[in-house]
Structure formats: structure tokens, C-alpha cells
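Structure data follow from start-v4.txt (compact mmCIF, C-alpha atoms):
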# COMPACT_ATOMS: atom_id res chain seq x y z
CA MET A 1 -14.39 -24.27 -36.99
CA LYS A 2 -13.66 -27.21 -39.31
CA GLU A 3 -15.94 -27.84 -42.28
CA ALA A 4 -18.31 -30.77 -41.75
CA ARG A 5 -17.17 -33.83 -43.70
CA TYR A 6 -19.87 -36.08 -45.18
CA PHE A 7 -19.51 -39.74 -46.18
CA TYR A 8 -21.98 -42.13 -47.79
CA VAL A 9 -22.36 -45.29 -45.72
CA PRO A 10 -25.36 -47.54 -46.54
CA ASP A 11 -26.85 -48.90 -43.32
CA ALA A 12 -24.53 -46.55 -41.43
CA GLY A 13 -26.31 -47.05 -38.11
CA ARG A 14 -25.37 -50.75 -38.05
CA GLN A 15 -21.83 -50.49 -39.37
CA THR A 16 -18.61 -49.59 -37.59
CA GLU A 17 -16.26 -48.93 -40.54
CA LEU A 18 -16.36 -46.74 -43.62
CA PRO A 19 -16.66 -48.54 -46.98
CA PRO A 20 -13.32 -48.88 -48.86
CA ASP A 21 -13.79 -45.88 -51.18
CA GLU A 22 -14.91 -43.64 -48.34
CA CYS A 23 -12.08 -44.92 -46.14
CA THR A 24 -9.52 -43.95 -48.79
CA HIS A 25 -10.99 -40.45 -49.03
CA ALA A 26 -11.18 -40.02 -45.26
CA VAL A 27 -7.72 -41.31 -44.39
CA ARG A 28 -5.53 -40.65 -47.41
CA VAL A 29 -7.11 -37.45 -48.75
CA LEU A 30 -8.59 -35.70 -45.72
CA ARG A 31 -6.11 -37.36 -43.32
CA LEU A 32 -8.68 -37.94 -40.60
CA THR A 33 -7.34 -39.45 -37.40
CA THR A 34 -8.75 -40.91 -34.19
CA GLY A 35 -11.06 -38.45 -32.47
CA ASP A 36 -12.00 -36.47 -35.59
CA GLU A 37 -15.70 -35.84 -36.17
CA LEU A 38 -17.51 -36.75 -39.38
CA PHE A 39 -21.07 -37.03 -40.67
CA LEU A 40 -22.44 -40.15 -42.31
CA MET A 41 -25.35 -40.35 -44.78
CA ASP A 42 -27.23 -43.63 -45.18
CA GLY A 43 -29.15 -42.61 -48.33
CA VAL A 44 -32.55 -43.33 -46.81
CA GLY A 45 -33.15 -40.15 -44.84
CA ASN A 46 -30.67 -40.09 -41.96
CA TYR A 47 -27.47 -38.29 -41.06
CA TYR A 48 -25.25 -39.57 -38.28
CA ARG A 49 -22.77 -37.50 -36.31
CA ALA A 50 -19.86 -39.84 -35.67
CA GLN A 51 -16.29 -39.93 -34.43
CA VAL A 52 -13.29 -41.76 -35.86
CA THR A 53 -12.18 -44.56 -33.51
CA SER A 54 -9.35 -45.95 -35.64
CA ALA A 55 -7.62 -44.96 -38.86
CA SER A 56 -5.16 -46.86 -41.03
CA SER A 57 -4.38 -47.11 -44.73
CA HIS A 58 -6.94 -49.91 -45.11
CA SER A 59 -9.68 -49.15 -42.59
CA CYS A 60 -11.42 -46.32 -40.80
CA GLY A 61 -13.56 -47.23 -37.80
CA TYR A 62 -16.20 -44.96 -36.29
CA GLU A 63 -18.78 -44.77 -33.53
CA ILE A 64 -22.16 -43.05 -33.78
CA LEU A 65 -22.57 -40.06 -31.46
CA GLU A 66 -25.98 -38.88 -32.64
CA THR A 67 -28.66 -39.90 -35.13
CA LEU A 68 -30.12 -37.00 -37.10
CA PRO A 69 -33.29 -37.91 -39.07
CA GLN A 70 -33.88 -35.51 -41.99
CA GLN A 71 -37.01 -34.00 -43.49
CA ARG A 72 -37.63 -34.36 -47.21
CA GLN A 73 -37.09 -31.12 -49.12
CA TRP A 74 -39.82 -31.78 -51.69
CA GLN A 75 -43.21 -33.43 -52.02
CA GLY A 76 -43.94 -36.52 -54.03
CA HIS A 77 -41.62 -38.69 -56.12
CA VAL A 78 -39.55 -36.93 -58.79
CA HIS A 79 -38.78 -39.31 -61.68
CA LEU A 80 -36.97 -38.50 -64.94
CA ALA A 81 -36.90 -41.05 -67.77
CA ILE A 82 -34.56 -40.03 -70.58
CA ALA A 83 -33.01 -41.43 -73.75
CA PRO A 84 -29.22 -41.14 -73.22
CA THR A 85 -27.09 -39.09 -75.60
CA LYS A 86 -24.48 -40.59 -77.90
CA MET A 87 -21.73 -38.82 -75.91
CA MET A 88 -22.01 -40.25 -72.41
CA ASP A 89 -20.16 -37.37 -70.78
CA ARG A 90 -23.26 -35.23 -71.38
CA MET A 91 -25.40 -37.73 -69.47
CA GLU A 92 -22.82 -37.82 -66.69
CA TRP A 93 -22.97 -34.03 -66.40
CA MET A 94 -26.77 -34.09 -66.31
CA THR A 95 -26.84 -36.87 -63.72
CA GLU A 96 -24.56 -34.90 -61.42
CA LYS A 97 -26.62 -31.73 -61.71
CA ILE A 98 -30.07 -33.28 -61.29
CA THR A 99 -28.80 -35.15 -58.22
CA GLU A 100 -27.62 -31.88 -56.72
CA ILE A 101 -30.99 -30.26 -57.49
CA GLY A 102 -32.92 -33.25 -56.14
CA ILE A 103 -34.42 -36.32 -57.80
CA ASP A 104 -35.78 -39.64 -56.59
CA GLU A 105 -35.39 -41.83 -59.66
CA LEU A 106 -33.55 -41.72 -63.00
CA SER A 107 -34.43 -44.17 -65.77
CA PHE A 108 -32.98 -44.61 -69.26
CA LEU A 109 -35.04 -45.21 -72.38
CA ASP A 110 -34.25 -47.05 -75.60
CA CYS A 111 -36.28 -45.21 -78.22
CA GLN A 112 -36.74 -45.46 -81.99
CA PHE A 113 -34.26 -42.65 -82.69
CA SER A 114 -31.83 -43.42 -79.84
CA GLU A 115 -28.13 -43.20 -80.69
CA ARG A 116 -27.06 -45.04 -77.53
CA ARG A 117 -28.54 -48.41 -76.62
CA ILE A 118 -26.36 -49.31 -73.63
CA VAL A 119 -25.75 -47.45 -70.36
CA LYS A 120 -23.20 -48.69 -67.84
CA LEU A 121 -24.46 -47.76 -64.41
CA PRO A 122 -21.36 -48.22 -62.15
CA ARG A 123 -19.73 -44.94 -63.22
CA LEU A 124 -23.04 -43.07 -62.96
CA GLU A 125 -23.54 -44.52 -59.49
CA LYS A 126 -20.20 -43.06 -58.39
CA ILE A 127 -21.20 -39.68 -59.82
CA VAL A 128 -24.51 -39.83 -57.93
CA VAL A 129 -22.78 -40.67 -54.64
CA SER A 130 -20.37 -37.76 -55.07
CA ALA A 131 -23.20 -35.36 -55.93
CA VAL A 132 -25.30 -36.53 -52.97
CA LYS A 133 -22.42 -35.80 -50.61
CA GLN A 134 -21.64 -32.48 -52.28
CA SER A 135 -25.25 -31.27 -52.02
CA HIS A 136 -25.95 -32.89 -48.61
CA LYS A 137 -28.93 -34.89 -49.82
CA ALA A 138 -30.28 -37.35 -47.25
CA TRP A 139 -31.86 -39.64 -49.86
CA MET A 140 -29.96 -41.52 -52.56
CA PRO A 141 -31.77 -41.46 -55.93
CA ALA A 142 -32.40 -44.77 -57.69
CA LEU A 143 -30.73 -45.45 -61.05
CA ARG A 144 -32.58 -47.80 -63.41
CA GLU A 145 -31.23 -49.95 -66.22
CA MET A 146 -32.09 -49.10 -69.81
CA SER A 147 -35.53 -50.27 -70.85
CA SER A 148 -37.40 -50.09 -74.13
CA PHE A 149 -39.77 -47.16 -74.58
CA ASN A 150 -42.75 -49.44 -75.14
CA SER A 151 -41.99 -51.47 -72.04
CA PHE A 152 -41.57 -48.36 -69.91
CA ILE A 153 -44.84 -46.67 -70.82
CA ARG A 154 -46.79 -49.89 -70.22
CA GLN A 155 -45.62 -50.14 -66.62
CA PRO A 156 -48.08 -48.81 -64.02
CA ARG A 157 -46.89 -45.63 -62.29
CA ALA A 158 -48.35 -43.60 -59.45
CA GLY A 159 -49.08 -39.93 -59.88
CA ARG A 160 -48.89 -37.83 -63.02
CA LYS A 161 -47.06 -38.72 -66.21
CA TYR A 162 -45.75 -36.41 -68.93
CA ILE A 163 -44.00 -36.75 -72.28
CA ALA A 164 -42.06 -33.70 -73.52
CA HIS A 165 -41.63 -33.39 -77.30
CA CYS A 166 -41.38 -30.90 -80.20
CA TYR A 167 -44.27 -31.94 -82.50
CA ASP A 168 -46.57 -28.97 -83.18
CA GLU A 169 -49.25 -31.24 -84.65
CA ILE A 170 -49.83 -32.86 -81.24
CA PRO A 171 -51.36 -30.41 -78.73
CA ARG A 172 -48.98 -29.60 -75.86
CA THR A 173 -49.15 -27.61 -72.64
CA TYR A 174 -46.27 -26.06 -70.70
CA LEU A 175 -44.89 -28.58 -68.19
CA PHE A 176 -44.44 -26.02 -65.43
CA ASP A 177 -48.07 -24.89 -65.73
CA GLU A 178 -49.16 -28.53 -65.41
CA LEU A 179 -46.99 -29.06 -62.34
CA ARG A 180 -48.30 -25.95 -60.57
CA ASN A 181 -51.88 -27.16 -60.31
CA PRO A 182 -53.31 -27.98 -56.84
CA LEU A 183 -52.22 -31.64 -57.12
CA ASP A 184 -48.53 -30.74 -56.95
CA SER A 185 -47.87 -33.15 -54.06
CA GLU A 186 -48.36 -36.12 -56.38
CA ASP A 187 -45.58 -38.21 -57.83
CA ALA A 188 -44.46 -37.05 -61.27
CA THR A 189 -42.68 -38.82 -64.13
CA VAL A 190 -41.37 -36.87 -67.13
CA LEU A 191 -40.13 -38.51 -70.36
CA ILE A 192 -37.38 -36.83 -72.42
CA GLY A 193 -36.50 -38.17 -75.86
CA PRO A 194 -33.20 -38.66 -77.72
CA GLU A 195 -31.36 -35.99 -79.70
CA GLY A 196 -33.71 -36.57 -82.64
CA ASP A 197 -36.77 -36.44 -80.34
CA PHE A 198 -39.25 -39.25 -79.86
CA SER A 199 -40.89 -40.53 -83.01
CA ILE A 200 -44.37 -39.14 -83.48
CA ASP A 201 -45.76 -42.67 -83.06
CA GLU A 202 -44.02 -42.97 -79.69
CA VAL A 203 -45.62 -39.72 -78.55
CA ARG A 204 -49.05 -40.94 -79.60
CA GLN A 205 -48.47 -44.27 -77.84
CA ALA A 206 -47.51 -42.48 -74.63
CA VAL A 207 -50.56 -40.22 -74.79
CA ALA A 208 -52.75 -43.29 -75.31
CA ALA A 209 -51.08 -44.82 -72.22
CA GLY A 210 -52.06 -41.84 -70.06
CA TYR A 211 -49.10 -39.48 -70.49
CA THR A 212 -49.83 -35.76 -70.85
CA SER A 213 -48.23 -34.09 -73.88
CA VAL A 214 -46.04 -31.13 -72.79
CA HIS A 215 -43.29 -28.76 -73.89
CA LEU A 216 -40.48 -27.15 -71.89
CA GLY A 217 -40.73 -23.62 -73.29
CA GLN A 218 -39.98 -21.84 -76.55
CA SER A 219 -36.29 -22.79 -76.84
CA ARG A 220 -35.19 -25.99 -78.53
CA LEU A 221 -33.05 -27.75 -75.92
CA ARG A 222 -30.35 -30.39 -76.07
CA THR A 223 -31.38 -33.70 -74.48
CA GLU A 224 -29.36 -33.23 -71.30
CA THR A 225 -30.55 -29.61 -70.94
CA ALA A 226 -34.15 -30.74 -71.36
CA GLY A 227 -33.66 -33.34 -68.64
CA LEU A 228 -32.18 -30.77 -66.30
CA SER A 229 -34.98 -28.30 -67.07
CA ALA A 230 -37.67 -30.90 -66.40
CA VAL A 231 -36.18 -31.80 -63.01
CA MET A 232 -35.82 -28.13 -62.12
CA MET A 233 -39.49 -27.53 -62.93
CA MET A 234 -40.55 -30.53 -60.82
CA GLN A 235 -38.46 -29.26 -57.93
CA LEU A 236 -39.76 -25.69 -58.13
CA SER A 237 -43.34 -26.97 -58.09
CA LYS A 238 -42.78 -29.45 -55.25
CA SER A 239 -40.30 -27.73 -52.96
CA LYS A 240 -41.33 -27.36 -49.31
CA LEU A 241 -39.10 -24.31 -48.84

Could the structure of this file be written out as C-alpha cells, please?
Amino acid sequence: MKEARYFYVPDAGRQTELPPDECTHAVRVLRLTTGDELFLMDGVGNYYRAQVTSASSHSCGYEILETLPQQRQWQGHVHLAIAPTKMMDRMEWMTEKITEIGIDELSFLDCQFSERRIVKLPRLEKIVVSAVKQSHKAWMPALREMSSFNSFIRQPRAGRKYIAHCYDEIPRTYLFDELRNPLDSEDATVLIGPEGDFSIDEVRQAVAAGYTSVHLGQSRLRTETAGLSAVMMMQLSKSKL
């Protein structure tokens, strides 16, 4: 039995051809031909079982054989907001892994101690698409442009909000304990600071804006590891499995 092949096609139910990048992969890499079966993902909760109707070096047509609505694997809205690292390859690695684990939204923060002030989303978007296909996720997570820390915490957000930091002088609780309370179906947003942590003033501002002060355990984690850990904790607390 052939392995199922998945392709990301926004609005797949209304299209008849694979997008250019997916066409190249289907025809030139996998060498699909007329009559071959494939699965399409629209990024908003549906799979489609489809069949190739035409294949050339520049186009790959398909027809839908069956629509397969999917059930969400977790409750609520999982949102990570993180200050990107100076070395972007570490953020790329984290983005791939948290997409595979499962996340709804990824935002980037410009903080007082940030070493990177610009994030180019196109490459990250390609990484997210690849990870979604690899992990067979039915929903495509949203990537947000960089925003200032102050602007971000002032924006209204549904559900529960947390800021993870390393300051002993500000009382903190363990994030996973917070997430395991009976309200675990709520949306959750977790803030992770830059490699030098948030400034203590930023932490106090976030707490004043309604964010709960938390830690991620006894180990001191790199920024990208902290982001991955936070998403893992949100998933473990919200999984329907």
C-alpha cells in the first residue's frame, strides 16, 4: 500500500490545480501521474481525498473524491508570543517543532533586551507549511508580524494570559500547574522573553495588564527551548486524547 501523500492547498475544495510549489513537489519529486491518489489540506480543518487528473512540469490538476472534515486535537486557542533569538535558525527550529506539536498562533515580540528587531515571515511560513504536512495537522497556525512588547500586552485577548520569567523577586507559579486547573478549555497566551529575559519593568507591566507570572521549571532554558516547553505544556493540558 502506498504512503498517503499530503499537500497544502488553501481553499482546496474550490480549486482544481495544486499551487506551484506543491505542483513541483508532486510532479518532479514524487512523480505523480494521472490517476494517482493524494490528500489535500486546506488549513482550516478539512482533508480532501483527491485524484490527479493531469500532470505536467508546470501544472497538476486534481478532482475531489471525498471531503473529510477533521476534529480538533486540543481545546481552546494555543498562542505563543516570543522575542526572537539573534540567530534566526534557532527560531526556525522552534517554529517547526511547535507546529508539529500543535499551535494556533505564533507572535513575535520586540522587547527591551531583544537582540533581533526584525523577523522575515516568508521563510517561516514555508517551514510552517512543511511541518503541517509532516505532522498531518488540519489547521494552519497563524504567524504574526513583530510587535512591541507594550503594544502586545495592551491588546485585549480572550482566555488566560501568562508571562514566563526568571525574577525571584516577583512571585511565580509553575505554568503547567496553572494550565491544569478546571478552566483548561480556555484560550491561553504565554509570553517568552529574549535571551536576556524580559526586563523586570516589562514583567511588572504585564502583571498589571492581567498576565499571570509563571516559571517553566527549575532549569534555566534557552529562549527557543522555553518556547517549545510552553507549547508542550499547553498541549498536554488541552489535549482531547

Self-check item: Ile192 of chain A environment, 7 Å, all atoms listed in the file, sequence neighbours closer than 3 positions dropped, as a PyMOL selection string
Solution: chain A and resi 81-83+163-164+226-227

Practice problem: Quick one: everything within 9 Å of Leu121 of chain A, counting only C-alpha atoms, minus sequence neighbours fewer than 2 positions away in the same chain. Send it as a ChimeraX atom specification. | Solution: /A:119,123-126,143-145

Put those residues in a file: C-alpha atoms, as a short mmCIF file (atom, residue, chain, number, x, y, z; two decimals), keeping the file's coordinate frame.
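result_4.cif was written with the following content:
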data_model
loop_
_atom_site.label_atom_id
_atom_site.label_comp_id
_atom_site.auth_asym_id
_atom_site.auth_seq_id
_atom_site.Cartn_x
_atom_site.Cartn_y
_atom_site.Cartn_z
CA VAL A 119 -25.75 -47.45 -70.36
CA ARG A 123 -19.73 -44.94 -63.22
CA LEU A 124 -23.04 -43.07 -62.96
CA GLU A 125 -23.54 -44.52 -59.49
CA LYS A 126 -20.20 -43.06 -58.39
CA LEU A 143 -30.73 -45.45 -61.05
CA ARG A 144 -32.58 -47.80 -63.41
CA GLU A 145 -31.23 -49.95 -66.22
#

Quiz item: So, counting all atoms listed in the file, which residue among A:Trp139, A:Tyr6, A:Phe176, A:Phe108 is closest to Gln71 of chain A?
Solution: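 Looking at the shortest contact to Gln71 of chain A, the residue is A:Trp139.
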
Per residue of segment 60-119 of chain A within 10 Å of segment 17-20 of chain A, note the shortest atom pair and the distance in Å to one decimal, counting all atoms listed in the file, and order the rows by chain and increasing residue number, as CSV.
residue,atom,partner,partner_atom,distance
A:Cys60,CA,A:Glu17,CA,5.5
A:Gly61,CA,A:Glu17,CA,4.2
A:Tyr62,CA,A:Glu17,CA,5.8
A:Glu63,CA,A:Glu17,CA,8.5

Writing out the chosen residues with C-alpha atoms as a compact mmCIF listing (two decimals), keeping the file's coordinate frame:
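Generated output (again_17.txt):
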# COMPACT_ATOMS: atom_id res chain seq x y z
CA CYS A 60 -11.42 -46.32 -40.80
CA GLY A 61 -13.56 -47.23 -37.80
CA TYR A 62 -16.20 -44.96 -36.29
CA GLU A 63 -18.78 -44.77 -33.53

Quiz prompt | Polymer residues at most 9 Å from (-46.1, -42.5, -65.4) by all atoms listed in the file, as a list of chain:residue names | solution = A:His79, A:Phe152, A:Ile153, A:Arg154, A:Gln155, A:Pro156, A:Arg157, A:Ala158, A:Gly159, A:Arg160, A:Lys161, A:Tyr162, A:Asp187, A:Ala188, A:Thr189, A:Val190, A:Leu191, A:Ala209, A:Gly210, A:Tyr211

Dump C-alpha atoms for the selected residues as a short mmCIF file (atom, residue, chain, number, x, y, z; two decimals), in the coordinates of the input?
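Contents of result-v2.cif, freshly written:
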data_model
loop_
_atom_site.label_atom_id
_atom_site.label_comp_id
_atom_site.auth_asym_id
_atom_site.auth_seq_id
_atom_site.Cartn_x
_atom_site.Cartn_y
_atom_site.Cartn_z
CA HIS A 79 -38.78 -39.31 -61.68
CA PHE A 152 -41.57 -48.36 -69.91
CA ILE A 153 -44.84 -46.67 -70.82
CA ARG A 154 -46.79 -49.89 -70.22
CA GLN A 155 -45.62 -50.14 -66.62
CA PRO A 156 -48.08 -48.81 -64.02
CA ARG A 157 -46.89 -45.63 -62.29
CA ALA A 158 -48.35 -43.60 -59.45
CA GLY A 159 -49.08 -39.93 -59.88
CA ARG A 160 -48.89 -37.83 -63.02
CA LYS A 161 -47.06 -38.72 -66.21
CA TYR A 162 -45.75 -36.41 -68.93
CA ASP A 187 -45.58 -38.21 -57.83
CA ALA A 188 -44.46 -37.05 -61.27
CA THR A 189 -42.68 -38.82 -64.13
CA VAL A 190 -41.37 -36.87 -67.13
CA LEU A 191 -40.13 -38.51 -70.36
CA ALA A 209 -51.08 -44.82 -72.22
CA GLY A 210 -52.06 -41.84 -70.06
CA TYR A 211 -49.10 -39.48 -70.49
#

Quiz item: Between A:Thr33, A:Asn150, A:Ser130, A:Asn46, which has the minimum distance to Gly13 of chain A (counting all atoms listed in the file)?
Solution: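 With all atoms listed in the file as the atom set, the closest residue is A:Asn46.
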
Quiz prompt | Using all atoms listed in the file: which of A:Leu80, A:Met88, A:Leu38, A:Val231 has the shortest distance to Leu65 of chain A | solution =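 Closest to Leu65 of chain A of all the choices is A:Leu38.
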
Practice problem: Quote the spacing between atom CA of Ile170 of chain A and atom CA of Gly76 of chain A in Å to one decimal place. | Solution: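 Computing the Euclidean distance for atom CA of Ile170 of chain A and atom CA of Gly76 of chain A yields 28.1 Å.
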
Exercise. Take atom CA of Met41 of chain A and atom CA of Ser239 of chain A and report the distance between them in Å, one decimal.
Key: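 Computed distance, atom CA of Met41 of chain A to atom CA of Ser239 of chain A, equals 21.2 Å.
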
Self-check item: Atom-to-atom span, atom CA of Glu3 of chain A and atom CA of Leu40 of chain A, Å
Solution: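 Atom-to-atom, atom CA of Glu3 of chain A to atom CA of Leu40 of chain A, that is 13.9 Å.
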
Exercise. For each of A:Ile127, A:Arg204, A:Asp197, A:Ala138, take the minimum atom-to-atom distance to Pro10 of chain A, counting all atoms listed in the file, then give the residue where this is smallest.
Key: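 Comparing A:Ile127, A:Arg204, A:Asp197, A:Ala138 against Pro10 of chain A, the winner is A:Ala138.
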
Practice problem: Would you list the contacts of Arg222 of chain A as number ranges by chain, taking every protein, DNA or RNA residue within 10 Å and counting all atoms listed in the file, but skipping same-chain residues closer than 2 positions in sequence? | Solution: A: 85, 90, 193-197, 219-220, 224-228

Quiz prompt | Proximity to Gln70 of chain A - best of A:Thr34, A:His136, A:Val52, A:Ile103, all atoms listed in the file | solution = A:His136

Quiz item: Which is closer to Pro171 of chain A than all the others in A:Val214, A:Ala230, A:Ala142, A:Met94, using all atoms listed in the file?
Solution: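 Counting all atoms listed in the file, the residue closest to Pro171 of chain A is A:Val214.
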